[in-house]
Amino acid sequence: MIAGSRAAVWLAVVALVATGCKAPHGGGRGGGGGDGSVELPPGATPVVTNLAPQTPPAAPPTVVAPAASLQPAPLSFAPIAHAADASVVTINTVATQVDVSPFTHRRRKALAQGLGTGFVVDRNGIILTNNHVVENAQEIEVQLSDQRRFPGKIVGTDSRTDIAVVRIDAKGLRPLPLGDSDVIEVGDWVVAIGNPFGLSHTVSAGIISAKGRTQQDVPLDPSGMYDFLQTDASINPGNSGGPLLNLKGEVVGMNSAIRGGGAQGIGFAIPMNMIKQLLPMLLRDGHVTRSALGVNIADVRELGPEEREAVGLAEGQQMNGAVIAGISPGGPADRAGLEAGDIIVAFDGTAIERKAQLQWLASTAGVGHTVTLRVQRLGKVFDQKVTLGQLPEVQVAPPR
């Protein structure tokens, strides 16, 4: 439950549209007009469902489950590392940074060198890395495992997911196979390859420690869209942009962040399926154009007792979903007649478990695309079509 007052709850939401949203409604919604009726928006299709709290069934007889069947750890990760090594690159950058003299207080420009990792995804020189590895770089140099060096050119970047695509003028490279990050499970073995502290082609191994980590778990840009895999494979500065591999040698994530400083067994990787969804746009347009519902949202599971009562949840009723905390005036949700306090439980047939999931689905469905939302309003469930608008770009101040 979110700590603090009711007002703090609504202010703690993750914005799909950062500004200009209507505040949640007050007493006008809570009573349902006094006669138990709920007014639905124009064009809404009521859905008949049983939303009453369910009485837990009687506990079944105790059955002793068989012991879990554990797959033995590989005798060696060497075959995975050997097969992937030629596809992992070192990325060196030079950027201009501004320092302020402690004596004259004058601003002066200085060159700053950066180091990161990348991996080949196309034999004709396409490389994936983190946006923060190449952001603001004036020069990019890519070094292959055979020590050849090439100047790199940025093809596309997306700061919200920390993904960048770099191209080098080289042919016949060995791309890494891209895996399915949705099927990997907590406890599965993974291997990380990168250049921590400049120690090139360092291999570390561990397991997937958790899935679905967001910016609430990692202190990053709050406007970002993260759904990190967490791993205890050793990750340090310089590993950024490197591959996280499963036991088939497929990339299931891109190593991106650590919590705290140094190797603490808490590293984070961008799921490969997120990257695969955005990669065509980055190659084609150089950036990602995102769609939006025009709402601020919060997790239903994070609401306190007063908030739960205000949105029509019965005592003891448990449900997933994202509750609308604010509406952008004139935006897609506003035009569709949605209101603050409505709970979105499905997006185009996909059940919504948490707000980060809705944020991702709404942002990647496509500007101008019409989707069907399943919404609960004060106990009444209905389907409503919404035509998505465009999410404003993140404004990044240019280096000075």
# chains A, B, ... in the order shown; residues from 1 in each chain; ligands from 1

call {"tool": "select_by_dssp", "arguments": {"residues": "region 53-287 of chain A", "states": "helix (DSSP H, G or I)", "output": "PyMOL selection string"}}
result
chain A and resi 78-85+131-134+196-198+272-285

call {"tool": "residues_around", "arguments": {"residues": "Asp85 (chain A)", "least_positions_apart": "4", "cutoff": "12 Å", "atoms": "only C-alpha atoms", "output": "MDAnalysis selection string"}}
result
chainID A and resid 78:81 89:90 117:120 144:146 173:176 191:195 200:203 242:243 245 249

call {"tool": "closest_residue", "arguments": {"among": "A:Thr289, A:Thr350, A:Asn273, A:Ser87", "to": "Ser159 (chain A)", "atoms": "only C-alpha atoms"}}
result
A:Thr289

call {"tool": "atom_distance", "arguments": {"atom1": "CA of Gly43 (chain A)", "atom2": "CA of Gln384 (chain A)"}}
result
6.8 Å

call {"tool": "residues_around", "arguments": {"residues": "region 280-288 of chain A", "least_positions_apart": "6", "cutoff": "12 Å", "atoms": "only C-alpha atoms", "output": "ChimeraX atom specification"}}
result
/A:121-122,126-128,131,153-167,274,363-367,390-394

call {"tool": "write_last_selection", "arguments": {"atoms": "N, CA and C atoms", "output": "CSV table (one decimal), in the first residue's frame"}}
result
chain,number,residue,atom,x,y,z
A,121,VAL,N,23.9,-7.8,-33.9
A,121,VAL,CA,22.6,-8.4,-34.2
A,121,VAL,C,22.4,-8.6,-35.7
A,122,ASP,N,23.3,-8.1,-36.5
A,122,ASP,CA,23.2,-8.2,-38.0
A,122,ASP,C,24.6,-8.3,-38.5
A,126,ILE,N,25.3,-4.1,-37.7
A,126,ILE,CA,24.3,-3.5,-36.7
A,126,ILE,C,24.6,-4.0,-35.3
A,127,ILE,N,24.7,-3.1,-34.4
A,127,ILE,CA,25.1,-3.4,-33.0
A,127,ILE,C,24.1,-2.8,-32.1
A,128,LEU,N,23.8,-3.5,-31.0
A,128,LEU,CA,22.9,-3.0,-30.0
A,128,LEU,C,23.7,-2.7,-28.8
A,131,ASN,N,21.5,3.2,-24.6
A,131,ASN,CA,21.5,4.7,-24.9
A,131,ASN,C,22.5,5.4,-24.1
A,153,LYS,N,28.5,4.8,-35.9
A,153,LYS,CA,27.5,5.8,-36.2
A,153,LYS,C,26.2,5.5,-35.6
A,154,ILE,N,25.6,6.4,-34.8
A,154,ILE,CA,24.3,6.1,-34.2
A,154,ILE,C,23.2,6.0,-35.2
A,155,VAL,N,22.4,4.9,-35.2
A,155,VAL,CA,21.3,4.7,-36.2
A,155,VAL,C,20.0,5.2,-35.5
A,156,GLY,N,19.9,4.9,-34.2
A,156,GLY,CA,18.6,5.2,-33.5
A,156,GLY,C,18.8,5.1,-32.0
A,157,THR,N,18.1,5.9,-31.2
A,157,THR,CA,18.2,5.8,-29.8
A,157,THR,C,16.8,5.9,-29.2
A,158,ASP,N,16.6,5.4,-28.0
A,158,ASP,CA,15.4,5.6,-27.2
A,158,ASP,C,15.8,5.7,-25.8
A,159,SER,N,15.7,6.9,-25.2
A,159,SER,CA,16.1,7.1,-23.9
A,159,SER,C,15.2,6.5,-22.9
A,160,ARG,N,13.9,6.4,-23.2
A,160,ARG,CA,12.9,5.8,-22.3
A,160,ARG,C,13.2,4.4,-21.9
A,161,THR,N,13.8,3.6,-22.9
A,161,THR,CA,14.1,2.2,-22.6
A,161,THR,C,15.6,2.0,-22.5
A,162,ASP,N,16.4,3.0,-22.7
A,162,ASP,CA,17.8,3.0,-22.7
A,162,ASP,C,18.4,2.0,-23.7
A,163,ILE,N,17.9,2.1,-25.0
A,163,ILE,CA,18.3,1.3,-26.1
A,163,ILE,C,18.9,2.2,-27.1
A,164,ALA,N,20.0,1.7,-27.8
A,164,ALA,CA,20.6,2.4,-28.9
A,164,ALA,C,21.1,1.4,-29.9
A,165,VAL,N,21.0,1.9,-31.2
A,165,VAL,CA,21.5,1.0,-32.3
A,165,VAL,C,22.7,1.8,-33.0
A,166,VAL,N,23.8,1.1,-33.1
A,166,VAL,CA,25.0,1.7,-33.7
A,166,VAL,C,25.4,0.8,-34.9
A,167,ARG,N,25.8,1.5,-36.0
A,167,ARG,CA,26.3,0.8,-37.2
A,167,ARG,C,27.8,1.0,-37.4
A,274,MET,N,11.3,-6.7,-25.4
A,274,MET,CA,11.1,-5.3,-25.5
A,274,MET,C,11.9,-4.7,-26.6
A,363,SER,N,1.7,2.4,-25.1
A,363,SER,CA,2.7,3.2,-25.8
A,363,SER,C,3.2,2.5,-27.1
A,364,THR,N,3.0,1.2,-27.2
A,364,THR,CA,3.5,0.5,-28.4
A,364,THR,C,2.4,0.1,-29.4
A,365,ALA,N,1.1,0.4,-29.0
A,365,ALA,CA,0.0,-0.1,-29.9
A,365,ALA,C,0.0,0.7,-31.2
A,366,GLY,N,0.4,2.0,-31.2
A,366,GLY,CA,0.4,2.8,-32.4
A,366,GLY,C,-0.5,4.0,-32.3
A,367,VAL,N,0.1,5.1,-32.7
A,367,VAL,CA,-0.7,6.4,-32.7
A,367,VAL,C,-1.8,6.2,-33.8
A,390,GLN,N,-0.7,10.6,-29.3
A,390,GLN,CA,0.8,10.5,-29.3
A,390,GLN,C,1.3,10.9,-28.0
A,391,LEU,N,2.3,10.2,-27.5
A,391,LEU,CA,2.9,10.5,-26.2
A,391,LEU,C,4.0,11.5,-26.5
A,392,PRO,N,4.1,12.7,-25.8
A,392,PRO,CA,5.1,13.7,-26.1
A,392,PRO,C,6.5,13.1,-25.9
A,393,GLU,N,7.4,13.6,-26.7
A,393,GLU,CA,8.8,13.1,-26.6
A,393,GLU,C,9.4,13.6,-25.3
A,394,VAL,N,10.4,12.9,-24.8
A,394,VAL,CA,11.2,13.3,-23.6
A,394,VAL,C,12.1,14.5,-24.1

call {"tool": "residues_around", "arguments": {"residues": "region 224-234 of chain A", "least_positions_apart": "3", "cutoff": "8 Å", "atoms": "only C-alpha atoms", "output": "count of residues only"}}
result
33

call {"tool": "select_by_dssp", "arguments": {"residues": "region 70-215 of chain A", "states": "strand (DSSP E)", "output": "JSON, numbers by chain"}}
result
{"A": [88, 89, 90, 91, 92, 93, 94, 95, 96, 97, 98, 99, 100, 107, 108, 109, 110, 111, 112, 113, 114, 115, 116, 117, 118, 119, 120, 121, 122, 126, 127, 128, 129, 137, 138, 139, 140, 141, 142, 143, 149, 150, 151, 153, 154, 155, 156, 157, 158, 163, 164, 165, 166, 167, 189, 190, 191, 192, 193, 194, 202, 203, 204, 205, 206, 207, 208, 209, 210, 211, 212, 213]}

call {"tool": "atom_distance", "arguments": {"atom1": "CA of Ser181 (chain A)", "atom2": "CA of Ile352 (chain A)"}}
result
18.8 Å

call {"tool": "atom_distance", "arguments": {"atom1": "CA of Val371 (chain A)", "atom2": "CA of Leu388 (chain A)"}}
result
7.5 Å

call {"tool": "closest_residue", "arguments": {"among": "A:Val345, A:Val386, A:Leu361, A:Ile258", "to": "Ile235 (chain A)", "atoms": "only C-alpha atoms"}}
result
A:Ile258

call {"tool": "closest_residue", "arguments": {"among": "A:Arg149, A:Lys276, A:Lys355, A:Arg107", "to": "Ala298 (chain A)", "atoms": "only C-alpha atoms"}}
result
A:Lys355

call {"tool": "closest_residue", "arguments": {"among": "A:Leu111, A:Val47, A:Ala322, A:Val252", "to": "Asp182 (chain A)", "atoms": "only C-alpha atoms"}}
result
A:Val252
